Each structure stands twice: as C-alpha cells, then as structure tokens.
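Participant: I'd like to ask some things about the structure below.
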Amino acid sequence: MAVDPAKTKWTHAHDGVDYFFCSEGCKIKFVEAMKVPGAPIPTPPNRTPRLKSNPHALPNPKVQSNPFFVCPMHPEIRQPNPGDCSICGMPLEPEVPSAAGDDATRHELRDLHRRLWTSVVLAAPLLVLAMGGFAYPLAELLLAAPVVLWAAWPFHVRAFNSMRTGNLNMFTLIGMGVSAAFIYSVIAVIAPDQFPASARDHHGDVARYFEAAAVIVALVLVGQVLELRARVETGAAVKALMGLFAPVARRVNDSGHDEEIPLEHVHVGDRLRVRPGEKVPVDGIVLDGGSSIDESMVSGEPLPVEKRAGDRVVGATMNGTGTFVMRADKVGADTLLARIIAMVAEAQRSRAPIQRLADRVSAYFVVTVMVVAIATFAVWAWLGPEPRLAHGLVNAVAVLIIACPCALGLATPMSIMVAAGRGASMGVLFRNAEAIEVMQSVDTIAVDKTGTLTEGRPSLAVVEPAPGMEADRLIRLVATLERASEHPLASAFATGAAARGVTLGEAGAFSAIAGRGIRGEVDGHVVSVGTEDLMSLIGIDTGPIVGRAAALRAEGHTVMLAGVDGALAGLMSVVDPIKSTTPSAIAALQADGVRVVMLTGDHETTARAVAASLKLDDVFAGVLPDGKAAVIAALVAEGRIVAMAGDGINDAPALARAHVGIAMGTGTDVAMASASVTLVRGDLAGIVRARALSRLTMRNIRQNLWFAFLYNSLGVPLAAGVLYPFFGFLLSPMFAAAAMSLSSVSVISNALRLRSAKL
C-alpha cells in the first residue's frame with residue numbers, strides 16, 4: 001500500500017499510541033506505517049492533553065513506597081514488610097532496591113551494630129575475669145545479662161520461630177547453646193548448693209559459663225553484620241543501572257519549541273530533541289537529523305554507530321556531536337535498559353547461598369541434640385546417683401554446651417573468609433560464598449569479546465599505500481584529518497602516527513558524511529577517508545583493493561579506505577588486539593574440561609575470526625544484552641554450570657543470569673556490580689586461579705564440617721555420661737566448654753592453611 005502524506009491525518013489515542021488515517025479511511029499505527037515500503041516519516045500534529053505522569057514509567061527507586069521483601073534462599077517467601085524468613089531465619093531483602101528497602105536495611109544494620117558493640121564491650125571484661133581466675137559471680141551475671149537477653153534477642157526470636165514452625169536451623173542451635181550456658185550459669189550463681197561435687201572445681205566452686213555465652217553472641221553478631229553489609233551491596237548493580245537513565249528529556253511541543261520534562265513524563269509518540277553530548281532519553285526512532293551514537297552500553301563495542309532518519313535509538317546511550325529529533329517508541333519499563341534492570345534483579349534473587357546444606361543438616365542435628373539432652377536428664381534423674389536431679393541437669397547442660405554450634409557455624413565462613421583474602425591477594429575478588437562454591441563445578445564459560453578477550457583499545461594495524469603513495473605520507477594525511485573528527489578511531493590513527501614518528505599537520509574544510517566517512521584539506525590536498533561507499537560517491541575506483549579489504553575484515557580488522565585529490569591513496573586498518581594472557585588462559589581452561597564460548601555484539605565475520613584464532617568452542621555474534629542473557633539461560637537449561645565473563649554494561653544481564661558472573665576489573669562499574677567475581681587485572685588467567693582456589697576451599701570446608709560433626713558425634717555421648725557405668729567418668733560442663741573452644745580453634749587453624757596453599 002502506498003502512503004500519501006498529503007492524504008493522511010493524525011490522531012493520538014488515550015493508550016499513548018499515535019495513528020494515522022489514509023484517504024480510504026484505513027487506520028494504521030505509526031510503528032506499522034514505518035514498515036510500509038516507500039512510506040515517508042510523518043510528523044504528528046497537535047495532540048490531546050497529556051497526563052502529568054506516565055503510567056508505564058519505570059518506578060523511581062527514590063519514591064517507591066511499597067517494595068516487597070524476599071528471602072535470598074527461599075524466593076517463595078515474599079512479604080510487603082521487612083523481617084526474617086520463616087524457613088531459614090535469614091533477613092529478607094527487597095526485590096528491587098528502593099528508598100524504603102534501603103531505609104529498612106540501614107535501620108537493621110544500625111541496630112546490629114549497637115548490639116555487636118554492646119556485646120564486645122561487655123564480653124571483654126568477662127573474658128578477663130574467666131582467664132584470670134577471678135570469682136565475681138554477681139558481676140559476671142550483670143555483665144552477661146544484657147548480652148544474652150538484649151543483644152542476642154533476635155537470635156532467640158528466630159530460634160523460637162524455628163521451633164514453632166518446625167523449620168529447625170542454625171539459629172535454633174545458637175539459641176539453645178547460648179540459653180543453656182546462660183541459664184546454667186544463672187542457677188550456679190543463685191543456687192550453687194544444688195550442684196554435685198562433679199560440677200565443682202578444686203576450690204569447690206560451681207563453674208559458670210557467662211563468658212562463653214557472651215562471646216558466642218558477639219561472634220554470631222559479627223557474622224550477621226558482615227552478611228547484612230553484603231546484602232546492602234547486592235542491589236548495587238540495579239542502582240548503578242538506574243543511574244544510567246537520562247534525568248530529563250526535551251520534548252518538542254506543538255509549536256515546535258523545546259520543553260524540558262522529567263523522564264517519567266515522556267509518553268509513547270512524543271517527539272524528543274537530543275542535542276550533542278546528551279543521553280538518548282528513551283527507545284525510539286530518529287525522525288529528523290542524524291548523529292553518531294555511543295551504543296557500547298548495548299553492544300559492548302567501542303565504535304559509535306551512525307544514525308539517520310528511520311534508524312532506531314536506545315535510551316541511555318550517549319549522543320555524539322549531532323542533533324536529531326526522535327519519536328518515543330518505548331518508555332518506562334518497556335525500554336531496553338529497564339528490561340536489563342529487571343533481568344539483573346530477577347537473576348540476583350534466584351541465587352542460593354552455600355549455607356543451605358549446613359542448615360539442612362543442622363535441622364537433623366538439632367533434633368538429635370535435643371533428644372539426647374532430654375534422654376540424658378531422664379536417665380540420670382531415674383537411675384543416676386544422688387543427687388539425681390542435679391546430676392541429670394549437669395549432664396543435660398553439658399550435652400547442650402558441647403553441642404553449641406561454634407565449630408559447625410565457623411566451618412564454612414572461616415574457610416570462605418580466608419579464601420576471599422587469598423583470592424584478593426591474587427587479584428581475584430569473590431563477592432559471595434556461592435561463587436567460591438560453584439566455581440569449581442563450572443563446565444562452560446561464556447566470554448565477551450571486546451575488553452575481555454581483547455584489550456578494548458583499538459590500534460592502527462595495517463597501512464597499505466597505493467602505488468605512488470608513501471606509507472608515512474598516507475599516515476600523515478589520514479591521521480591529520482581524523483584528528484579533526486570526534487570518532488573514537490581518531491585516537492587510534494593519532495597514536496599510530498606517533499608510534500611511527502610521523503608528525504601531523506592541520507586539517508581544513510572538514511566535513512563528515514554520516515555513515516560513510518570524512519573529508520577535508522590537508523597540506524593543500526583534498527583527503528577523503530571512509531568506506532567503499534564514500535569512495536564510490538566521489539568517483540574513486542576501489543577495485544584494486546576491495547579483495548584485500550574484505551580479507552582484513554575477515555581477520556577482525558576495521559578497514560578505512562583513503563583517497564587524495566580524487567585518486568585512490570590506499571587503505572588502513574584498525575584492530576582491537578587480543579590480550580597477551582588470553583590464549584594461554586583459554587588453553588588451560590579447555591585442558592581442564594571447560595567449554596569456552598564467545599558472546600559478542602560484533603559482526604559475524606569479525607567474531608568468527610577472533611574465535612578461530614583463539615580456538616574457541618563456539619561463538620554467538622550480533623547478540624544484544626537480552627540475547628546474551630538468553631544464550632546463558634539456554635546453556636543453563638542444558639544442565640551446564642555456566643560462568644560468564646564480561647566487562648561492559650551490556651554484559652550485566654548475562655553476568656547476573658549465569659551461575660557465576662565474572663567481571664573484568666578494567667571494565668565498567670555496572671559489570672562489576674552485577675558479577676560475583678571480579679578479576680582485578682582484567683585477564684582470563686584469573687579464572688584459572690579462581691577455579692584452583694575454589695577446589696581447595698571446598699575441600700577445606702568439607703574437612704571442617706567433617707571434623708565438626710565428628711567432634712559432636714564423640715563429644716555428645718561423653719557429655720551424656722555413656723562412660724560413667726564403666727569408668728566412672730563424667731564430662732563436666734566446664735570441660736565441655738573447653739572442648740567446644742578447642743573445636744573452634746581447630747576449625748580456624750585448618751581454614752588458615754588456605755593462606756599458604758599452593759595454587
């Protein structure tokens with residue numbers, strides 16, 4: 001159907017979509033009209049009044065008032081208010097970072113800090129009294145009571161809720177251990193005469209465990225504060241992405257004048273003016289004018305893309321030196337950046353921490369300890385020597401104290417903490433424990449090209465002058481002209497000229513031909529640099545070098561042809577060199593049984609050339625951010641354990657979707673915020689080191705867990721008194737506490753071995 005602009009009229013519907021009617025009365029959406037062959041780009045006339053705000057706009061994190069909170073381990077637990085998970089007891093976190101969620105988290109963090117410092121201040125003198133052998137029972141009680149009854153109150157609540165709901169977890173163990181030590185000690189202060197001789201030391205005093213209870217609380221609070229700080233940083237990627245939105249837009253009103261409006265007031269169909277150096281406000285179509293757009297946020301490629309009337313532009317990308325008018329096509333939550341934000345947030349919520357296994361085991365362990373403690377009290381109260389009740393209480397408390405979860409609780413976090421420090425010393429920053437756990441199991445690594453496999457800094461590679469033209473003269477003419485351009489390639493030519501000792505001149509009569517190249521005068525000659533289309537436009541025959549240009553492109557080069565005074569002068573190419581450490585790192589990963597694939601927004605020919613030179617297992621070219629995330633999702637659906645390595649904003653969804661996201665330390669903040677591992681030096685050799693460290697760490701954790709359970713398997717029966725009928729041996733709660741401390745020291749010592757382990 002042909003479209004005659006003189007026979008069309010516009011209308012703006014309440015759904016925010018512009019329509020036009022042809023002379024025959026047919027009604028077509030603007031977007032559909034753009035697809036009609038030969039159709040001009042019409043301009044909508046006056047519209048009906050707008051709403052003051054856009055109902056489709058992405059919720060502003062600064063004003064969002066009712067966020068939902070979810071459990072990072074159990075996403076099915078979702079509620080409108082902050083709190084604790086009813087299954088595992090972990091604090092809930094906001095689905096999407098928001099002002100309300102941040103306020104709740106900051107309040108919780110301040111509260112934990114107060115409880116932690118109170119515990120430290122009061123536990124320190126308790127330790128001094130215990131280690132110095134001083135006996136001040138009332139002072140110990142007064143120091144320990146605030147710690148156990150106030151500072152540890154959240155743990156008691158979670159322990160109570162776990163028993164009430166039947167979801168026993170680590171907080172159940174903590175609550176039982178602290179309560180047992182404290183209650184036993186309180187009774188020892190109030191009614192010491194009720195304890196048998198076996199519960200007394202050589203001075204006849206009943207042992208007290210106030211310092212053990214207080215120190216346990218302080219240590220657990222340290223872990224909770226560190227965990228909450230990490231949780232605050234979980235939303236950093238989403239917040240950084242939200243910060244990429246243009247704060248305002250310039251809407252062209254009905255009279256043709258510009259008016260500055262907040263981004264959330266932009267509607268589908270609005271005409272927006274984008275000036276040089278400004279961000280494109282929303283996704284849309286160029287109506288008038290043109291410019292070069294830095295779309296590295298989307299494609300990851302450093303070269304800007306020329307845009308003319310009819311081309312699509314993406315919100316939050318950076319405009320170059322031109323001015324254009326665009327039509328808003330997708331706004332708010334429908335824009336590409338908004339979809340990237342949604343994908344990152346969703347992927348972050350889907351992760352589960354390493355402690356899940358320990359919690360599952362702890363549920364059975366807690367039940368076992370409770371049953372053993374009750375059985376111990378009952379057997380001693382029925383069959384034990386006089387005083388039977390006192391003996392029953394002493395041995396039951398010994399069971400609970402020796403089963404205190406210090407060793408079990410420290411088994412994983414101590415190894416993780418040491419491993420994180422060791423990784424940092426090697427330039428590998430782990431953001432969470434899950435990344436350390438999963439890294440050893442990765443069987444597929446997807447890598448971005450620009451800035452990950454390559455340096456991300458284009459450089460002059462090939463200079464081939466035509467007959468009669470010298471190479472240095474060609475470089476001088478082209479580099480001088482490029483220096484007057486805003487194009488990123490200009491720096492590559494200037495740097496290449498300096499490296500070859502070529503001095504540059506001054507360019508005059510400079511002009512840019514959108515999408516084709518540049519022209520100007522250098523040293524009295526008319527110089528043209530650009531594509532074959534530009535050469536053809538000015539009547540220069542490129543036949544002699546077309547084959548060579550195609551061959552260079554097949555090798556991953558960006559080729560520029562040059563003409564001087566209407567004659568072919570030669571060609572020059574720019575290439576983004578592969579990092580020196582990339583080939584060996586990929587070879588090491590493949591030798592370790594890892595499949596390496598490349599995801600890039602670059603052209604198929606260039607991508608294939610790079611993949612072939614590095615002997616990669618597969619390549620996916622021309623993929624946008626959501627396409628990269630889709631490839632990762634497909635690999636995961638195949639049952640693969642996938643890591644994604646990238647450095648750009650466009651990699652953020654894929655980094656968050658993968659089991660392990662790996663960011664280059666030389667890349668963008670958004671990429672690093674989305675990833676769970678950051679390679680400070682920005683080279684893939686860090687992945688090899690990270691996998692080796694992951695294996696050693698998980699082996700160390702298994703050793704710690706094995707020792708912790710072995711310790712409890714032997715210690716609990718001894719505390720219950722199984723040897724008493726045969727040898728008359730009873731394990732005093734005092735020795736139970738010492739054994740508990742020794743088990744913790746053993747776990748810590750084993751974890752510290754990671755600092756000197758060979759990788």
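Each chain in the structure tokens gets a letter, A, B and so on, in the order shown; residues start at 1 in every chain, and ligands are counted from 1 in the order they appear.
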Within 9 Å of Leu696 of chain A, counting only C-alpha atoms, which residues qualify if same-chain residues fewer than 6 places away don't, as a ChimeraX atom specification?

Facilitator: /A:419,754,757,759

Participant: Restricting it to C-alpha atoms, dump the selection as a CSV table (one decimal), in the first residue's frame.

Facilitator:
chain,number,residue,atom,x,y,z
A,419,ALA,CA,39.8,-17.9,50.7
A,754,LEU,CA,44.4,-21.8,52.8
A,757,ALA,CA,48.2,-23.5,50.0
A,759,LEU,CA,47.6,-23.0,43.6

Participant: With a distance cut-off of 12 Å and only C-alpha atoms, select the neighbouring residues of segment 749-753 of chain A, excluding the residue or stretch itself and same-chain residues fewer than 4 positions from it, and output the selection as a VMD selection string.

Facilitator: chain A and resid 407 410 to 422 696 to 708 742 to 745 757 to 758

Participant: Would you pick out the contacts of Ala246 of chain A at 10 Å or less, using only C-alpha atoms, so that residues sharing its chain but fewer than 2 positions from it are not included, and give the list as a PyMOL selection string?

Facilitator: chain A and resi 242-244+248-249+262-263+278-282+315-318

Participant: For N, CA, C and O atoms, I'd like the residues from the last selection saved as a PDB file, in the first residue's frame.

Facilitator:
ATOM      1  N   MET A 242      20.098   1.976  37.152  1.00  0.00           N
ATOM      2  CA  MET A 242      19.084   3.022  37.239  1.00  0.00           C
ATOM      3  C   MET A 242      19.702   4.405  37.069  1.00  0.00           C
ATOM      4  O   MET A 242      19.076   5.323  36.530  1.00  0.00           O
ATOM      5  N   GLY A 243      20.940   4.549  37.515  1.00  0.00           N
ATOM      6  CA  GLY A 243      21.612   5.829  37.380  1.00  0.00           C
ATOM      7  C   GLY A 243      21.974   6.185  35.952  1.00  0.00           C
ATOM      8  O   GLY A 243      22.364   7.323  35.674  1.00  0.00           O
ATOM      9  N   LEU A 244      21.847   5.227  35.017  1.00  0.00           N
ATOM     10  CA  LEU A 244      22.165   5.497  33.621  1.00  0.00           C
ATOM     11  C   LEU A 244      21.058   6.240  32.897  1.00  0.00           C
ATOM     12  O   LEU A 244      21.280   6.813  31.836  1.00  0.00           O
ATOM     13  N   VAL A 248      16.209  13.961  32.437  1.00  0.00           N
ATOM     14  CA  VAL A 248      15.157  14.749  31.787  1.00  0.00           C
ATOM     15  C   VAL A 248      15.166  14.465  30.293  1.00  0.00           C
ATOM     16  O   VAL A 248      16.098  13.850  29.756  1.00  0.00           O
ATOM     17  N   ALA A 249      14.127  14.922  29.618  1.00  0.00           N
ATOM     18  CA  ALA A 249      14.032  14.819  28.166  1.00  0.00           C
ATOM     19  C   ALA A 249      13.575  16.171  27.624  1.00  0.00           C
ATOM     20  O   ALA A 249      12.952  16.965  28.333  1.00  0.00           O
ATOM     21  N   PRO A 262      10.568  15.908  33.074  1.00  0.00           N
ATOM     22  CA  PRO A 262      11.152  14.722  33.723  1.00  0.00           C
ATOM     23  C   PRO A 262      10.961  13.490  32.848  1.00  0.00           C
ATOM     24  O   PRO A 262       9.997  13.399  32.072  1.00  0.00           O
ATOM     25  N   LEU A 263      11.863  12.556  32.979  1.00  0.00           N
ATOM     26  CA  LEU A 263      11.822  11.369  32.126  1.00  0.00           C
ATOM     27  C   LEU A 263      10.517  10.600  32.287  1.00  0.00           C
ATOM     28  O   LEU A 263       9.979  10.058  31.309  1.00  0.00           O
ATOM     29  N   GLU A 278      24.283  14.698  24.911  1.00  0.00           N
ATOM     30  CA  GLU A 278      23.201  14.303  25.802  1.00  0.00           C
ATOM     31  C   GLU A 278      22.899  12.819  25.645  1.00  0.00           C
ATOM     32  O   GLU A 278      23.199  12.207  24.614  1.00  0.00           O
ATOM     33  N   LYS A 279      22.268  12.262  26.657  1.00  0.00           N
ATOM     34  CA  LYS A 279      21.827  10.880  26.575  1.00  0.00           C
ATOM     35  C   LYS A 279      20.494  10.793  25.843  1.00  0.00           C
ATOM     36  O   LYS A 279      19.645  11.671  25.976  1.00  0.00           O
ATOM     37  N   VAL A 280      20.334   9.729  25.079  1.00  0.00           N
ATOM     38  CA  VAL A 280      19.037   9.460  24.456  1.00  0.00           C
ATOM     39  C   VAL A 280      18.068   9.098  25.577  1.00  0.00           C
ATOM     40  O   VAL A 280      18.356   8.196  26.367  1.00  0.00           O
ATOM     41  N   PRO A 281      16.945   9.806  25.702  1.00  0.00           N
ATOM     42  CA  PRO A 281      16.090   9.594  26.881  1.00  0.00           C
ATOM     43  C   PRO A 281      15.377   8.250  26.919  1.00  0.00           C
ATOM     44  O   PRO A 281      15.305   7.615  27.974  1.00  0.00           O
ATOM     45  N   VAL A 282      14.809   7.800  25.787  1.00  0.00           N
ATOM     46  CA  VAL A 282      14.052   6.542  25.740  1.00  0.00           C
ATOM     47  C   VAL A 282      14.334   5.853  24.416  1.00  0.00           C
ATOM     48  O   VAL A 282      15.010   6.389  23.548  1.00  0.00           O
ATOM     49  N   GLY A 315      17.463   4.107  24.580  1.00  0.00           N
ATOM     50  CA  GLY A 315      17.535   5.003  25.719  1.00  0.00           C
ATOM     51  C   GLY A 315      18.791   4.782  26.548  1.00  0.00           C
ATOM     52  O   GLY A 315      19.253   3.653  26.704  1.00  0.00           O
ATOM     53  N   ALA A 316      19.358   5.885  27.074  1.00  0.00           N
ATOM     54  CA  ALA A 316      20.540   5.907  27.944  1.00  0.00           C
ATOM     55  C   ALA A 316      21.845   5.773  27.170  1.00  0.00           C
ATOM     56  O   ALA A 316      22.908   5.831  27.771  1.00  0.00           O
ATOM     57  N   THR A 317      21.787   5.595  25.836  1.00  0.00           N
ATOM     58  CA  THR A 317      23.017   5.645  25.052  1.00  0.00           C
ATOM     59  C   THR A 317      23.425   7.105  24.870  1.00  0.00           C
ATOM     60  O   THR A 317      22.617   8.018  25.016  1.00  0.00           O
ATOM     61  N   MET A 318      24.688   7.341  24.549  1.00  0.00           N
ATOM     62  CA  MET A 318      25.227   8.705  24.528  1.00  0.00           C
ATOM     63  C   MET A 318      25.311   9.242  23.105  1.00  0.00           C
ATOM     64  O   MET A 318      25.909   8.614  22.225  1.00  0.00           O
TER      65      MET A 318
END

Participant: Please provide as a list in words all residues within 9 Å of Gly320 of chain A, with the sequence filter that same-chain residues fewer than 4 positions apart are discarded (counting only C-alpha atoms).

Facilitator: Arg275, Pro276, Gly277, Glu278, Ser291, Ser292, Ile293, Asp294, Pro304, Glu486 and His487 of chain A

Participant: Which residues are near segment 510-524 of chain A? Cut-off 10 Å, only C-alpha atoms, ignore same chain within fewer than 3 positions. Put them as JSON, numbers by chain.

Facilitator: {"A": [290, 291, 292, 305, 306, 307, 308, 322, 476, 477, 478, 480, 481, 482, 484, 485, 486, 487, 504, 505, 506, 507, 527, 528, 529, 530, 531, 532, 533, 534, 535, 537, 560, 561, 562, 563, 564, 565]}

Participant: Please measure the separation of atom CA of Val442 of chain A and atom CA of Met598 of chain A, giving the value in Å to one decimal.

Facilitator: 15.7 Å

Participant: As an MDAnalysis selection string, list the residues of segment 471-576 of chain A assigned to strand (DSSP E or B) by DSSP on the backbone atoms of this structure.

Facilitator: chainID A and resid 507:513 517:522 525:530 558:564 567:575

Participant: In terms of the shortest atom-to-atom distance over only C-alpha atoms, which of A:Ser296, A:Ser441, A:Asn161, A:Asn167 is closest to Ala643 of chain A?

Facilitator: A:Ser441

Participant: Report, in Å with one decimal, the straight-line distance from atom CA of Pro577 of chain A to atom CA of Val502 of chain A.

Facilitator: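 Going from atom CA of Pro577 of chain A over to atom CA of Val502 of chain A, I get 22.0 Å.
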
Participant: Excluding segment 458-461 of chain A and residues on its chain fewer than 3 positions from it, collect all residues at most 7 Å away from it, counting only C-alpha atoms, and give them as a list of chain:residue names.

Facilitator: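 My list of contacting residues is A:Ala492, A:Phe493, A:Gly496, A:Ser573, A:Val574, A:Val575, A:Asp576.
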
Participant: With all heavy atoms retained, could you export that selection as a JSON list (two decimals), in the first residue's frame?

Facilitator:
[["chain", "number", "residue", "atom", "x", "y", "z"],
["A", 492, "ALA", "N", 43.17, 6.19, 17.57],
["A", 492, "ALA", "CA", 43.98, 5.07, 17.10],
["A", 492, "ALA", "C", 44.93, 5.52, 15.99],
["A", 492, "ALA", "O", 46.10, 5.13, 15.95],
["A", 492, "ALA", "CB", 43.07, 3.95, 16.60],
["A", 493, "PHE", "N", 44.44, 6.39, 15.08],
["A", 493, "PHE", "CA", 45.31, 6.88, 14.00],
["A", 493, "PHE", "C", 46.39, 7.80, 14.55],
["A", 493, "PHE", "O", 47.55, 7.73, 14.14],
["A", 493, "PHE", "CB", 44.46, 7.62, 12.96],
["A", 493, "PHE", "CG", 43.66, 6.70, 12.08],
["A", 493, "PHE", "CD1", 42.30, 6.56, 12.25],
["A", 493, "PHE", "CD2", 44.28, 5.95, 11.09],
["A", 493, "PHE", "CE1", 41.56, 5.72, 11.44],
["A", 493, "PHE", "CE2", 43.56, 5.10, 10.27],
["A", 493, "PHE", "CZ", 42.19, 4.98, 10.45],
["A", 496, "GLY", "N", 48.95, 5.73, 16.32],
["A", 496, "GLY", "CA", 49.75, 5.01, 15.34],
["A", 496, "GLY", "C", 50.76, 5.90, 14.64],
["A", 496, "GLY", "O", 51.91, 5.49, 14.39],
["A", 573, "SER", "N", 43.94, -0.09, 8.43],
["A", 573, "SER", "CA", 43.01, -0.86, 9.25],
["A", 573, "SER", "C", 43.32, -0.66, 10.73],
["A", 573, "SER", "O", 44.47, -0.42, 11.11],
["A", 573, "SER", "CB", 43.06, -2.35, 8.91],
["A", 573, "SER", "OG", 44.24, -2.94, 9.42],
["A", 574, "VAL", "N", 42.28, -0.76, 11.51],
["A", 574, "VAL", "CA", 42.38, -0.65, 12.97],
["A", 574, "VAL", "C", 41.90, -1.97, 13.56],
["A", 574, "VAL", "O", 40.92, -2.56, 13.09],
["A", 574, "VAL", "CB", 41.53, 0.52, 13.49],
["A", 574, "VAL", "CG1", 41.46, 0.50, 15.00],
["A", 574, "VAL", "CG2", 42.11, 1.84, 13.01],
["A", 575, "VAL", "N", 42.58, -2.44, 14.58],
["A", 575, "VAL", "CA", 42.21, -3.71, 15.19],
["A", 575, "VAL", "C", 42.31, -3.59, 16.70],
["A", 575, "VAL", "O", 43.12, -2.82, 17.23],
["A", 575, "VAL", "CB", 43.13, -4.86, 14.68],
["A", 575, "VAL", "CG1", 44.55, -4.66, 15.18],
["A", 575, "VAL", "CG2", 42.59, -6.22, 15.10],
["A", 576, "ASP", "N", 41.45, -4.31, 17.37],
["A", 576, "ASP", "CA", 41.50, -4.38, 18.84],
["A", 576, "ASP", "C", 42.29, -5.63, 19.20],
["A", 576, "ASP", "O", 41.78, -6.75, 19.08],
["A", 576, "ASP", "CB", 40.07, -4.45, 19.38],
["A", 576, "ASP", "CG", 40.02, -4.32, 20.89],
["A", 576, "ASP", "OD1", 41.07, -4.08, 21.50],
["A", 576, "ASP", "OD2", 38.93, -4.46, 21.47]]

Participant: Given the choices A:Gln194, A:Ser676, A:Ser119, A:Asn395, which gets closest to Val438 of chain A if the distance is worked out from only C-alpha atoms?

Facilitator: A:Ser676

Participant: Between atom CA of Glu211 of chain A and atom CA of Ala123 of chain A, what is the distance in Å, rounded to a tenth?

Facilitator: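 Atom CA of Ala123 of chain A lies at a distance of 6.3 Å from atom CA of Glu211 of chain A.
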
Participant: In terms of the shortest atom-to-atom distance over only C-alpha atoms, which of A:Met469, A:Leu730, A:Ala159, A:Ala375 is closest to Gly570 of chain A?

Facilitator: A:Met469

Participant: Between A:Gly89, A:Arg271, A:Ile216, A:Ala551, which residue has the minimum interatomic distance to Gly177 of chain A, considering only C-alpha atoms?

Facilitator: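 Of the candidates, the smallest distance to Gly177 of chain A is held by A:Ile216.
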